Each structure stands twice: as structure tokens, then as C-alpha cells.
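Participant: Following this line is final.txt, made up of compact mmCIF, C-alpha atoms:
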```txt
# COMPACT_ATOMS: atom_id res chain seq x y z
CA MET A 1 -15.34 -49.95 134.78
CA SER A 2 -14.85 -51.65 138.15
CA SER A 3 -16.75 -50.03 141.02
CA SER A 4 -13.64 -49.39 143.15
CA LEU A 5 -11.73 -47.86 140.29
CA ALA A 6 -14.75 -45.87 139.19
CA LEU A 7 -15.15 -44.35 142.65
CA ALA A 8 -11.57 -43.17 142.47
CA LEU A 9 -11.33 -42.03 138.89
CA VAL A 10 -14.70 -41.37 137.28
CA PRO A 11 -15.67 -38.28 139.33
CA LEU A 12 -12.35 -36.74 138.40
CA PHE A 13 -12.86 -37.70 134.76
CA LEU A 14 -16.34 -36.17 134.63
CA THR A 15 -15.29 -32.84 136.10
CA ALA A 16 -12.08 -32.44 134.11
CA PRO A 17 -12.45 -31.03 130.59
CA ALA A 18 -8.94 -32.17 129.66
CA THR A 19 -6.71 -35.01 130.79
CA PRO A 20 -7.11 -35.12 134.61
CA VAL A 21 -4.13 -35.20 136.92
CA ILE A 22 -4.04 -37.44 140.01
CA THR A 23 -1.81 -36.48 142.93
CA PRO A 24 0.22 -39.31 144.53
CA THR A 25 -0.48 -40.17 148.13
CA VAL A 26 3.20 -40.79 148.83
CA ILE A 27 6.39 -41.17 146.84
CA THR A 28 9.41 -43.31 147.56
CA GLN A 29 12.96 -42.14 147.94
CA THR A 30 14.83 -41.20 144.78
CA PHE A 31 17.28 -43.80 143.50
CA GLU A 32 20.44 -42.67 141.75
CA GLU A 33 22.79 -44.60 139.44
CA PRO A 34 23.70 -47.42 139.40
CA ALA A 35 20.27 -48.05 140.95
CA ASP A 36 17.52 -47.23 138.46
CA ALA A 37 13.86 -47.79 139.37
CA ASP A 38 11.81 -49.59 136.74
CA ASP A 39 8.83 -51.80 137.66
CA PRO A 40 6.62 -52.20 140.78
CA ALA A 41 4.51 -55.04 142.17
CA ILE A 42 2.23 -55.17 145.21
CA TRP A 43 2.16 -57.97 147.80
CA VAL A 44 -1.06 -57.87 149.86
CA ASN A 45 -0.52 -59.07 153.41
CA PRO A 46 -3.31 -61.62 154.07
CA ARG A 47 -3.12 -61.06 157.84
CA ASN A 48 -2.88 -57.27 157.97
CA THR A 49 -3.56 -55.29 154.81
CA GLU A 50 -1.88 -52.16 156.20
CA ARG A 51 1.36 -54.11 156.47
CA SER A 52 1.41 -54.97 152.80
CA VAL A 53 4.61 -54.49 150.81
CA VAL A 54 5.40 -52.82 147.50
CA LEU A 55 8.34 -54.18 145.54
CA GLY A 56 10.31 -52.27 142.93
CA THR A 57 13.12 -53.31 140.62
CA LEU A 58 16.22 -51.11 140.59
CA LYS A 59 18.11 -52.78 137.71
CA GLU A 60 21.74 -53.14 138.86
CA GLY A 61 20.60 -51.73 142.21
CA GLY A 62 18.59 -54.90 142.96
CA LEU A 63 15.06 -55.31 144.33
CA ALA A 64 13.62 -52.81 146.82
CA ALA A 65 10.80 -53.37 149.31
CA PHE A 66 8.64 -50.51 150.63
CA ASP A 67 5.92 -50.16 153.24
CA LEU A 68 2.66 -48.41 152.36
CA ASN A 69 4.08 -45.07 153.48
CA GLY A 70 6.74 -45.35 150.79
CA ARG A 71 9.54 -46.01 153.27
CA THR A 72 12.24 -48.40 152.10
CA ILE A 73 12.20 -51.61 154.16
CA GLY A 74 15.25 -53.06 152.45
CA VAL A 75 17.04 -53.67 149.18
CA HIS A 76 18.12 -57.11 147.97
CA PRO A 77 21.20 -56.69 145.76
CA ALA A 78 21.42 -58.04 142.23
CA PRO A 79 23.94 -60.88 141.76
CA GLN A 80 27.60 -60.13 141.18
CA PRO A 81 29.06 -61.23 137.83
CA PRO A 82 30.31 -64.85 137.92
CA THR A 83 33.61 -63.78 136.31
CA PRO A 84 35.34 -60.39 135.97
CA ASP A 85 34.41 -60.20 132.29
CA ALA A 86 30.74 -61.21 132.72
CA LYS A 87 27.69 -58.98 133.17
CA PRO A 88 26.28 -58.47 136.69
CA GLY A 89 22.68 -59.12 137.63
CA ARG A 90 20.18 -56.48 136.50
CA PHE A 91 16.61 -56.73 137.82
CA ASN A 92 14.20 -55.42 135.21
CA ASN A 93 10.58 -56.43 135.97
CA VAL A 94 8.77 -57.97 138.92
CA ASP A 95 5.37 -59.57 139.53
CA VAL A 96 3.81 -61.19 142.60
CA LEU A 97 1.92 -64.48 142.74
CA GLY A 98 0.75 -65.46 146.22
CA ASP A 99 3.72 -64.95 148.54
CA LEU A 100 6.28 -65.28 145.76
CA ALA A 101 7.82 -62.51 143.68
CA PHE A 102 9.26 -63.32 140.26
CA VAL A 103 11.96 -61.03 138.85
CA SER A 104 13.49 -60.89 135.37
CA ASP A 105 17.26 -60.70 135.77
CA ARG A 106 18.23 -59.14 132.46
CA GLY A 107 21.91 -59.14 133.30
CA ARG A 108 22.09 -62.90 133.81
CA ASP A 109 19.09 -64.10 131.69
CA ARG A 110 17.41 -65.78 134.64
CA VAL A 111 14.07 -65.54 136.40
CA ARG A 112 14.72 -65.04 140.13
CA VAL A 113 12.19 -66.07 142.78
CA PHE A 114 11.74 -64.36 146.15
CA GLN A 115 9.64 -65.19 149.20
CA VAL A 116 7.76 -62.08 150.33
CA ASP A 117 6.52 -61.13 153.79
CA GLU A 118 6.05 -57.90 155.71
CA ARG A 119 9.78 -57.75 156.44
CA GLY A 120 10.76 -57.75 152.76
CA VAL A 121 12.08 -60.49 150.48
CA LYS A 122 14.25 -63.61 150.66
CA ASP A 123 15.85 -65.17 147.57
CA VAL A 124 14.54 -68.73 147.11
CA THR A 125 15.78 -69.26 143.55
CA ASN A 126 17.28 -72.65 142.71
CA PRO A 127 21.04 -71.93 142.51
CA ALA A 128 21.22 -74.16 139.42
CA THR A 129 18.59 -72.21 137.48
CA ARG A 130 19.53 -71.91 133.82
CA PRO A 131 19.33 -69.00 131.36
CA VAL A 132 15.90 -68.61 129.75
CA PHE A 133 16.89 -67.60 126.22
CA SER A 134 20.68 -67.90 126.01
CA LYS A 135 22.38 -71.20 125.19
CA THR A 136 25.78 -70.20 126.61
CA GLU A 137 27.18 -67.78 129.16
CA GLN A 138 28.85 -65.91 126.31
CA GLU A 139 25.41 -65.39 124.78
CA VAL A 140 24.13 -64.14 128.15
CA ASP A 141 26.63 -61.30 127.94
CA ASP A 142 25.19 -60.23 124.58
CA GLN A 143 22.20 -59.08 126.68
CA HIS A 144 19.36 -60.35 124.47
CA ASN A 145 17.97 -61.67 127.73
CA VAL A 146 14.81 -61.81 129.84
CA TYR A 147 13.16 -58.39 130.01
CA GLY A 148 9.44 -57.92 130.73
CA LEU A 149 7.66 -60.33 133.08
CA ALA A 150 4.19 -61.32 134.29
CA ALA A 151 3.12 -64.11 136.64
CA GLY A 152 -0.24 -65.84 137.06
CA HIS A 153 -2.19 -69.02 137.77
CA VAL A 154 -3.41 -70.61 134.52
CA ASN A 155 -5.17 -73.97 134.10
CA GLY A 156 -4.05 -75.14 137.52
CA LYS A 157 -0.40 -74.15 137.01
CA ASP A 158 1.68 -71.27 138.32
CA VAL A 159 3.26 -69.69 135.26
CA VAL A 160 5.57 -66.84 134.32
CA VAL A 161 5.68 -65.12 130.95
CA THR A 162 8.86 -63.25 130.09
CA SER A 163 9.93 -61.33 127.01
CA ARG A 164 13.35 -61.09 125.36
CA ARG A 165 15.24 -57.81 125.17
CA ASN A 166 15.65 -56.41 121.64
CA GLU A 167 13.68 -59.34 120.19
CA THR A 168 10.00 -60.02 119.51
CA SER A 169 10.06 -63.31 121.46
CA ILE A 170 8.11 -64.11 124.60
CA ALA A 171 8.42 -67.34 126.60
CA LEU A 172 6.00 -69.24 128.84
CA LEU A 173 7.57 -70.82 131.93
CA GLN A 174 6.05 -73.16 134.50
CA VAL A 175 7.04 -72.71 138.14
CA THR A 176 8.62 -75.74 139.82
CA LYS A 177 9.76 -76.37 143.40
CA ASP A 178 12.61 -78.58 144.61
CA SER A 179 12.90 -78.76 148.38
CA LYS A 180 12.76 -75.08 149.43
CA ALA A 181 14.03 -73.64 146.15
CA TYR A 182 11.97 -72.54 143.14
CA ASP A 183 12.79 -72.75 139.47
CA THR A 184 11.05 -72.05 136.16
CA LYS A 185 10.88 -74.41 133.19
CA LYS A 186 10.39 -73.02 129.68
CA VAL A 187 7.53 -74.83 127.94
CA SER A 188 6.68 -72.61 124.96
CA THR A 189 7.77 -69.54 123.00
CA LEU A 190 5.99 -67.10 120.69
CA ASP A 191 7.49 -64.64 118.20
CA LEU A 192 5.43 -61.53 117.58
CA PRO A 193 5.79 -59.81 114.20
CA ASN A 194 8.02 -56.87 113.36
CA THR A 195 6.52 -56.32 109.89
CA PHE A 196 2.88 -55.49 109.22
CA THR A 197 0.61 -55.02 106.19
CA LEU A 198 -0.88 -51.53 106.25
CA PRO A 199 -4.43 -50.63 105.15
CA ASP A 200 -3.03 -49.31 101.86
CA GLY A 201 -1.41 -52.69 101.16
CA LYS A 202 2.16 -51.56 101.82
CA GLN A 203 4.50 -53.40 104.18
CA TRP A 204 5.74 -51.56 107.27
CA THR A 205 8.69 -52.76 109.33
CA VAL A 206 9.17 -51.35 112.81
CA CYS A 207 12.23 -49.09 112.94
CA GLY A 208 15.03 -50.01 115.27
CA GLU A 209 18.78 -50.13 115.74
CA PRO A 210 20.35 -52.61 113.30
CA GLY A 211 20.12 -56.12 114.75
CA GLU A 212 17.39 -55.19 117.25
CA GLY A 213 13.69 -55.96 117.00
CA PRO A 214 10.64 -54.30 118.61
CA GLN A 215 10.65 -55.73 122.12
CA VAL A 216 7.85 -56.35 124.61
CA GLU A 217 8.17 -55.14 128.19
CA GLY A 218 4.87 -54.34 129.94
CA MET A 219 2.74 -57.47 130.45
CA VAL A 220 -0.08 -58.69 132.66
CA ILE A 221 -1.95 -62.00 132.94
CA ASP A 222 -5.74 -61.90 133.28
CA GLU A 223 -6.42 -65.03 135.34
CA ARG A 224 -10.19 -64.71 134.89
CA THR A 225 -9.97 -65.28 131.14
CA ASN A 226 -6.53 -66.97 130.82
CA THR A 227 -5.30 -64.08 128.69
CA LEU A 228 -1.96 -62.35 128.39
CA TYR A 229 -1.86 -58.63 127.55
CA ALA A 230 1.54 -57.63 126.20
CA ALA A 231 2.79 -54.16 125.25
CA GLN A 232 5.17 -54.24 122.29
CA GLU A 233 6.79 -50.87 122.79
CA ASP A 234 6.74 -49.43 119.24
CA VAL A 235 3.70 -51.41 118.08
CA GLY A 236 0.88 -51.48 120.65
CA ILE A 237 -1.00 -53.86 122.93
CA TRP A 238 -1.48 -57.54 122.10
CA ARG A 239 -4.15 -59.82 123.57
CA ILE A 240 -2.94 -63.45 123.58
CA PRO A 241 -4.88 -66.52 124.77
CA LEU A 242 -2.82 -68.35 127.37
CA ARG A 243 -2.75 -71.99 128.38
CA ALA A 244 -0.48 -73.65 130.91
CA GLY A 245 1.44 -75.23 128.04
CA GLY A 246 1.41 -72.60 125.34
CA PHE A 247 0.11 -69.48 123.62
CA GLY A 248 -2.92 -68.95 121.40
CA LYS A 249 -3.16 -66.64 118.41
CA PRO A 250 -2.16 -63.04 119.25
CA GLN A 251 -4.48 -60.15 118.39
CA LEU A 252 -3.28 -56.53 118.18
CA VAL A 253 -6.01 -54.69 120.09
CA ASP A 254 -4.58 -51.15 120.12
CA LYS A 255 -1.72 -49.47 118.30
CA VAL A 256 0.67 -46.65 119.12
CA ARG A 257 0.10 -43.43 117.20
CA THR A 258 3.22 -43.94 115.06
CA TRP A 259 2.21 -47.45 113.94
CA GLY A 260 2.68 -47.53 110.17
CA ALA A 261 4.58 -44.22 110.02
CA PRO A 262 7.81 -44.19 107.99
CA GLN A 263 10.90 -43.89 110.18
CA LYS A 264 14.65 -44.39 109.87
CA PHE A 265 17.39 -45.01 112.40
CA ASN A 266 19.84 -42.18 112.97
CA PRO A 267 23.18 -43.68 114.12
CA GLU A 268 24.33 -40.32 115.50
CA THR A 269 21.41 -39.92 117.89
CA GLU A 270 20.76 -43.69 118.16
CA GLU A 271 17.07 -42.89 117.73
CA CYS A 272 14.42 -43.60 115.09
CA GLU A 273 13.28 -40.43 113.37
CA ALA A 274 10.34 -39.60 111.09
CA ASP A 275 11.05 -40.28 107.42
CA GLY A 276 7.86 -38.90 105.92
CA PRO A 277 4.33 -37.95 106.96
CA ASN A 278 2.40 -40.16 109.36
CA PRO A 279 -0.39 -41.81 107.30
CA GLY A 280 -2.64 -42.03 110.37
CA PHE A 281 -2.94 -45.82 110.52
CA GLY A 282 -2.02 -45.95 114.21
CA GLY A 283 -4.16 -45.60 117.29
CA GLN A 284 -5.26 -42.40 119.00
CA TRP A 285 -4.34 -43.06 122.63
CA LEU A 286 -0.83 -44.47 123.03
CA GLU A 287 2.32 -42.46 122.41
CA ALA A 288 5.24 -44.86 122.01
CA ASP A 289 6.56 -46.52 123.97
CA ALA A 290 3.56 -48.58 125.06
CA GLU A 291 4.72 -49.73 128.48
CA GLY A 292 3.40 -50.92 131.84
CA LEU A 293 0.10 -52.84 131.94
CA THR A 294 -2.04 -53.72 134.94
CA ILE A 295 -5.63 -54.93 135.44
CA ALA A 296 -8.30 -53.62 137.83
CA ASP A 297 -11.36 -55.88 137.55
CA ASP A 298 -12.76 -55.06 134.09
CA VAL A 299 -10.29 -52.29 133.31
CA LEU A 300 -6.84 -52.51 131.70
CA LEU A 301 -4.48 -49.64 132.52
CA ALA A 302 -1.62 -48.91 130.13
CA SER A 303 1.30 -46.51 130.37
CA SER A 304 1.62 -44.19 127.37
CA GLN A 305 5.26 -43.54 128.13
CA GLY A 306 5.98 -41.16 125.27
CA ASP A 307 3.73 -38.44 126.69
CA SER A 308 3.59 -39.51 130.36
CA ARG A 309 -0.09 -40.49 130.46
CA PHE A 310 -2.04 -43.57 131.50
CA VAL A 311 -4.94 -44.93 129.46
CA ALA A 312 -7.87 -46.88 130.94
CA TYR A 313 -9.51 -49.41 128.60
CA ARG A 314 -12.65 -51.48 129.02
CA LYS A 315 -11.00 -54.87 128.91
CA ALA A 316 -13.78 -56.77 127.17
CA ASP A 317 -13.63 -54.79 123.93
CA MET A 318 -10.55 -52.57 124.54
CA LYS A 319 -12.66 -49.44 124.27
CA PRO A 320 -10.64 -46.50 125.66
CA LEU A 321 -12.51 -45.03 128.63
CA LYS A 322 -10.26 -42.11 129.59
CA ASP A 323 -6.67 -41.08 130.03
CA PHE A 324 -5.04 -39.44 133.05
CA ARG A 325 -1.71 -38.29 134.38
CA VAL A 326 -0.07 -38.73 137.75
CA SER A 327 1.34 -35.47 139.04
CA ASP A 328 5.13 -35.16 138.57
CA VAL A 329 5.41 -38.70 137.19
CA GLU A 330 7.25 -38.78 133.87
CA HIS A 331 8.00 -41.53 131.34
CA SER A 332 6.55 -44.32 133.47
CA ASP A 333 7.60 -47.89 132.69
CA GLY A 334 5.70 -50.20 135.03
CA ALA A 335 2.51 -50.07 137.08
CA ASP A 336 0.54 -52.33 139.42
CA ILE A 337 -2.90 -52.02 141.01
CA VAL A 338 -4.89 -53.97 143.61
CA LEU A 339 -8.52 -53.48 144.58
CA GLY A 340 -10.41 -54.44 147.71
CA LYS A 341 -9.34 -53.56 151.22
CA LEU A 342 -6.11 -52.00 149.99
CA ASN A 343 -7.10 -50.05 146.83
CA LEU A 344 -3.63 -49.03 145.71
CA LEU A 345 -2.09 -48.00 142.40
CA VAL A 346 1.73 -47.87 142.16
CA VAL A 347 3.53 -46.42 139.15
CA HIS A 348 7.16 -46.06 138.16
CA ASP A 349 8.45 -42.48 138.11
CA GLY A 350 11.07 -42.40 135.41
CA GLU A 351 12.42 -38.86 135.50
CA ARG A 352 13.18 -37.07 138.74
CA PRO A 353 15.83 -34.33 138.97
CA ASN A 354 18.36 -36.72 140.51
CA GLY A 355 17.09 -40.16 139.57
CA THR A 356 14.00 -42.34 139.58
CA GLY A 357 11.47 -43.82 142.00
CA PHE A 358 7.86 -44.89 142.51
CA ALA A 359 4.59 -43.11 143.32
CA PHE A 360 1.70 -44.56 145.33
CA ILE A 361 -1.97 -43.57 144.90
CA ARG A 362 -4.34 -44.82 147.65
CA PHE A 363 -8.07 -44.55 146.90
```
Is it possible to give me this structure as C-alpha cells?
Facilitator:
Amino acid sequence: MSSSLALALVPLFLTAPATPVITPTVITQTFEEPADADDPAIWVNPRNTERSVVLGTLKEGGLAAFDLNGRTIGVHPAPQPPTPDAKPGRFNNVDVLGDLAFVSDRGRDRVRVFQVDERGVKDVTNPATRPVFSKTEQEVDDQHNVYGLAAGHVNGKDVVVTSRRNETSIALLQVTKDSKAYDTKKVSTLDLPNTFTLPDGKQWTVCGEPGEGPQVEGMVIDERTNTLYAAQEDVGIWRIPLRAGGFGKPQLVDKVRTWGAPQKFNPETEECEADGPNPGFGGQWLEADAEGLTIADDVLLASSQGDSRFVAYRKADMKPLKDFRVSDVEHSDGADIVLGKLNLLVVHDGERPNGTGFAFIRF
């Protein structure tokens, strides 16, 4: 475990007989519909660390910027629909690379690019940017669009990886710049499986609503090893070698507890429900959905959304080190962490009495 993270977490782990609970340093304001908090990212100010900025997606509410005290600096609105019958912009996930923030606009199937400084964000997306997955604007409105997102520097290139809502697909994009505007060019795609061979030889297909596959949302790029970690919500965590021009062979390195368990979709509740005993082929640590991923030196943190915990893994061999909770944080989607002068963990808070928000932990 990294020394900075260990100083913050290990003493608590050693003294707590059960899952320890960490109290947030500050929390942001609560966002109510149509704003809906989802995923955070941290921009570290290179000139003054204490004037760093935390970004958070608010879906149709846009992209929020916060100071380190959790105060809202500003909110950049999501785009309006291009026609009355079209879908509006919907900002789902965000990641920071240098002084740029990349946002998956699920509503319009685009990756938006923002310049970040201590005052907030400025949209620097090429106005002509095209949909990532959809071939037509009509297909955009079907909403099988960009969803999860991670950004990183791989083999000398700035890249973005984004997943597709309700599909198993992920796409690798290279960042390009034209004058003062930024765009992303899709260079490769990868389809993860939705059917698996179980230890008893039977085939197991992930349950879902008809026409929808097990999507990926939480992702993070490990620039030290050129590796993508991707959380397929009802499956588990994948480790995927990453090159600037494509993906390597994916390896499933941990599974959710219900992996391999028989389930069926109930159209009345629009939920998958148990359809027999769990054979115990899944993992022990993640309660579906597997969600937000972030890296702290040699540690991978994952959100176990189904039971509102976070799991710390030793990245090299994916050995679970310990789990923990963040006080009053429920059903967390995204998370981000930075170590060094700042030492900050930010997590999505998915269930407040009147809405959603984000929690900051300084250590």
C-alpha cells in the first residue's frame, strides 16, 4: 500500500474489528433534479495546491466546479438539444489530464473537453465533434451512448477511454487539437463478454433488461503500466493492457458476489431478481454494481455500490487489502484520489434525503 494512503487508512484498519468508517472532511451542496451528481475528478493547481479544483458531473445539470472547502465555484450547463425532439446534453463521467477535463456527454454521444483553472472550467470542445458510437443523430437519441470515461497519457499520446451505455463496448480515443479547440478521434474498440463459462462447465449470461448488455462505467488508466482497469457493473473488474492505438487481452481480476448466480428480469420492477441459489462462483468483496475506480500509487480503490463500501486492492496482484465506508455516503458511483501535497479522496454521494452530492476526505 502506498505510504500516503497507508498513513491515512491503515491505522484505522488495524484498530477496527469490522469495516471502518471514515468521516468526510467536507461535503458539497446537495443537488436536486434535474441535476444529479455522478462522478468527480480532481485538478491539482500546479502553482498553489490549496487552490485546486474538484469537478463533478451533474448529468443534465452540467459540470460543477468546487473549491477544496466544498463550495461551488460554478456550474457549466449541459448542451441544449439541437432540435425540440432531440435529447439534451447529459454529463455522465469526468476525468482530468493536465489542465484539461474530459467529460462523457451521454445525452449527445460526445466527449466534451474543458480547460480547467482555479476559476472553474471553459468549454474548448471542437464544435464539429462527432458522436463516438452513434452513426446518426436518430441513433444518438436511442441513448446507447458514451457513458464511463477515463483519460491518460499512453505511449506518448493523450488518450480517452469511454464505454457505451447498455452495451459491453469500450472505445479508445486519441486527443487532437485544432487551433484552440480539442477533439477526440476513435482509434479502436473492444467488446467485453456478457456470457461466461462457470467452473461447473455451465454457461452463464449476465441478466439485464431485454436488448441491454452489462455495461462498464467506472474506469481508470494506470499510466505507470499502460493498463486500463474497467468495472463492468454486474460482472467485476477487468485489467486490460492499453496502447495508444488499441487494447490488449482483457483479464477479469475480481468478480461481484453474484457472478454466476441465476437471475431473471422482472418487467414489473424492471430489476433482475434471483432465480435460484447462488453457487458461490463470484468474488467475496464487491456487491454489484462494481462502480468507481481510482488509483493511489500501488493501490486500486473500487466502489462496491450495492452495499455502499469501498475496497482497497494491492494493484500488482489484486489482493484485497481492506474495505471501508465513508460516513453517510450511500450508493457511490465515482471516486478520485490524488496523493502528494494535496492528499485528497473525493467520492460521489448517491443518496441524500433531497438529492445527491460529493464528499471530500483530506488526509
Participant: Name all residues at most 12 Å from Val94 (chain A) (count all atoms listed in the file; drop same-chain ones fewer than 2 positions away) and give them as a PDB file with C-alpha atoms, keeping the file's coordinate frame.
Facilitator:
```pdb
ATOM      1  CA  ALA A  37      13.860 -47.790 139.370  1.00  0.00           C
ATOM      2  CA  ASP A  38      11.810 -49.590 136.740  1.00  0.00           C
ATOM      3  CA  ASP A  39       8.830 -51.800 137.660  1.00  0.00           C
ATOM      4  CA  PRO A  40       6.620 -52.200 140.780  1.00  0.00           C
ATOM      5  CA  ALA A  41       4.510 -55.040 142.170  1.00  0.00           C
ATOM      6  CA  ILE A  42       2.230 -55.170 145.210  1.00  0.00           C
ATOM      7  CA  TRP A  43       2.160 -57.970 147.800  1.00  0.00           C
ATOM      8  CA  VAL A  54       5.400 -52.820 147.500  1.00  0.00           C
ATOM      9  CA  LEU A  55       8.340 -54.180 145.540  1.00  0.00           C
ATOM     10  CA  GLY A  56      10.310 -52.270 142.930  1.00  0.00           C
ATOM     11  CA  THR A  57      13.120 -53.310 140.620  1.00  0.00           C
ATOM     12  CA  LEU A  58      16.220 -51.110 140.590  1.00  0.00           C
ATOM     13  CA  LYS A  59      18.110 -52.780 137.710  1.00  0.00           C
ATOM     14  CA  GLY A  62      18.590 -54.900 142.960  1.00  0.00           C
ATOM     15  CA  LEU A  63      15.060 -55.310 144.330  1.00  0.00           C
ATOM     16  CA  ALA A  64      13.620 -52.810 146.820  1.00  0.00           C
ATOM     17  CA  ALA A  65      10.800 -53.370 149.310  1.00  0.00           C
ATOM     18  CA  ARG A  90      20.180 -56.480 136.500  1.00  0.00           C
ATOM     19  CA  PHE A  91      16.610 -56.730 137.820  1.00  0.00           C
ATOM     20  CA  ASN A  92      14.200 -55.420 135.210  1.00  0.00           C
ATOM     21  CA  VAL A  96       3.810 -61.190 142.600  1.00  0.00           C
ATOM     22  CA  LEU A  97       1.920 -64.480 142.740  1.00  0.00           C
ATOM     23  CA  LEU A 100       6.280 -65.280 145.760  1.00  0.00           C
ATOM     24  CA  ALA A 101       7.820 -62.510 143.680  1.00  0.00           C
ATOM     25  CA  PHE A 102       9.260 -63.320 140.260  1.00  0.00           C
ATOM     26  CA  VAL A 103      11.960 -61.030 138.850  1.00  0.00           C
ATOM     27  CA  SER A 104      13.490 -60.890 135.370  1.00  0.00           C
ATOM     28  CA  ASP A 105      17.260 -60.700 135.770  1.00  0.00           C
ATOM     29  CA  ARG A 106      18.230 -59.140 132.460  1.00  0.00           C
ATOM     30  CA  VAL A 111      14.070 -65.540 136.400  1.00  0.00           C
ATOM     31  CA  ARG A 112      14.720 -65.040 140.130  1.00  0.00           C
ATOM     32  CA  VAL A 113      12.190 -66.070 142.780  1.00  0.00           C
ATOM     33  CA  PHE A 114      11.740 -64.360 146.150  1.00  0.00           C
ATOM     34  CA  VAL A 146      14.810 -61.810 129.840  1.00  0.00           C
ATOM     35  CA  TYR A 147      13.160 -58.390 130.010  1.00  0.00           C
ATOM     36  CA  GLY A 148       9.440 -57.920 130.730  1.00  0.00           C
ATOM     37  CA  LEU A 149       7.660 -60.330 133.080  1.00  0.00           C
ATOM     38  CA  ALA A 150       4.190 -61.320 134.290  1.00  0.00           C
ATOM     39  CA  ALA A 151       3.120 -64.110 136.640  1.00  0.00           C
ATOM     40  CA  VAL A 160       5.570 -66.840 134.320  1.00  0.00           C
ATOM     41  CA  VAL A 161       5.680 -65.120 130.950  1.00  0.00           C
ATOM     42  CA  THR A 162       8.860 -63.250 130.090  1.00  0.00           C
ATOM     43  CA  GLU A 217       8.170 -55.140 128.190  1.00  0.00           C
ATOM     44  CA  GLY A 218       4.870 -54.340 129.940  1.00  0.00           C
ATOM     45  CA  MET A 219       2.740 -57.470 130.450  1.00  0.00           C
ATOM     46  CA  VAL A 220      -0.080 -58.690 132.660  1.00  0.00           C
ATOM     47  CA  GLY A 292       3.400 -50.920 131.840  1.00  0.00           C
ATOM     48  CA  ASP A 333       7.600 -47.890 132.690  1.00  0.00           C
ATOM     49  CA  GLY A 334       5.700 -50.200 135.030  1.00  0.00           C
ATOM     50  CA  ALA A 335       2.510 -50.070 137.080  1.00  0.00           C
ATOM     51  CA  ASP A 336       0.540 -52.330 139.420  1.00  0.00           C
TER      52      ASP A 336
END
```
Participant: Would you mind telling me which residue in A:Gly201, A:Pro320, A:Gly357, A:Gly276 lies nearest to Ser332 (chain A) when using only C-alpha atoms?
Facilitator: A:Gly357
Participant: Let me make sure I understand: among A:Pro79, A:Val124, A:Asn93, A:Val140, which one has the smallest atom-to-atom distance to Lys177 (chain A) if we use all atoms listed in the file?
Facilitator: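 Of all the options, A:Val124 lies closest to Lys177 (chain A).
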Participant: Kindly extract all protein, DNA and RNA residues lying within 12 Å of the coordinates (32.3, -63.5, 131.8) given in the file, considering only C-alpha atoms, and supply them as a list of chain:residue names.
Facilitator: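 Output of the proximity query reads A:Gln80, A:Pro81, A:Pro82, A:Thr83, A:Pro84, A:Asp85, A:Ala86, A:Lys87, A:Pro88, A:Gly107, A:Arg108, A:Thr136, A:Glu137, A:Gln138, A:Glu139, A:Val140, A:Asp141, A:Asp142.
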Participant: For each of A:Asp117, A:Gln251, A:Leu192, A:Leu286, take the minimum atom-to-atom distance to Tyr313 (chain A), counting all atoms listed in the file, then give the residue where this is smallest.
Facilitator: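 Nearest to Tyr313 (chain A): A:Leu286.
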Participant: When you count all atoms listed in the file, which of these residues is closest to Asp323 (chain A): A:Trp285, A:Ala296, A:Gln305, A:Val159?
Facilitator: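 Closest residue, counting all atoms listed in the file: A:Trp285.
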Participant: One number please: CA of Leu293 (chain A) to CA of Lys315 (chain A), in Å, one decimal.
Facilitator: 11.7 Å
Participant: Give me, please, the distance in Å between CA of Asp99 (chain A) and CA of Glu50 (chain A), quoted to one decimal.
Facilitator: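 CA of Glu50 (chain A) lies 15.9 Å from CA of Asp99 (chain A).
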Participant: For CA of Lys319 (chain A) and CA of Ala359 (chain A), quote the distance in Å rounded to one decimal.
Facilitator: 26.5 Å
Participant: Using all atoms listed in the file, which residue out of A:Gly211, A:Gly89, A:Gln203, A:Thr195 lies closest to Pro34 (chain A)?
Facilitator: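 So, comparing all the options, the nearest one is A:Gly89.
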Participant: Compare A:Leu339, A:Ala181, A:Val26, A:Ile295 by their minimum atom-to-atom distance to Thr125 (chain A), counting only C-alpha atoms, and give me the closest one.
Facilitator: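 Once distances to Thr125 (chain A) are computed over only C-alpha atoms, the minimum belongs to A:Ala181.
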Participant: Find the residues with any atom within 8 Å of (13.5, -45.8, 108.5); use only C-alpha atoms and the coordinates as given in the file, and write the answer as an NGL selection string.
Facilitator: :A and (207 or 262-265 or 272-275)
Participant: May I have the residues within 8 Å of region 225-237 of chain A as an NGL selection string, using all atoms listed in the file and disregarding those fewer than 6 positions away in the same chain?
Facilitator: :A and (154-155 or 206 or 214-219 or 243 or 252-256 or 258-259 or 286 or 288-293)
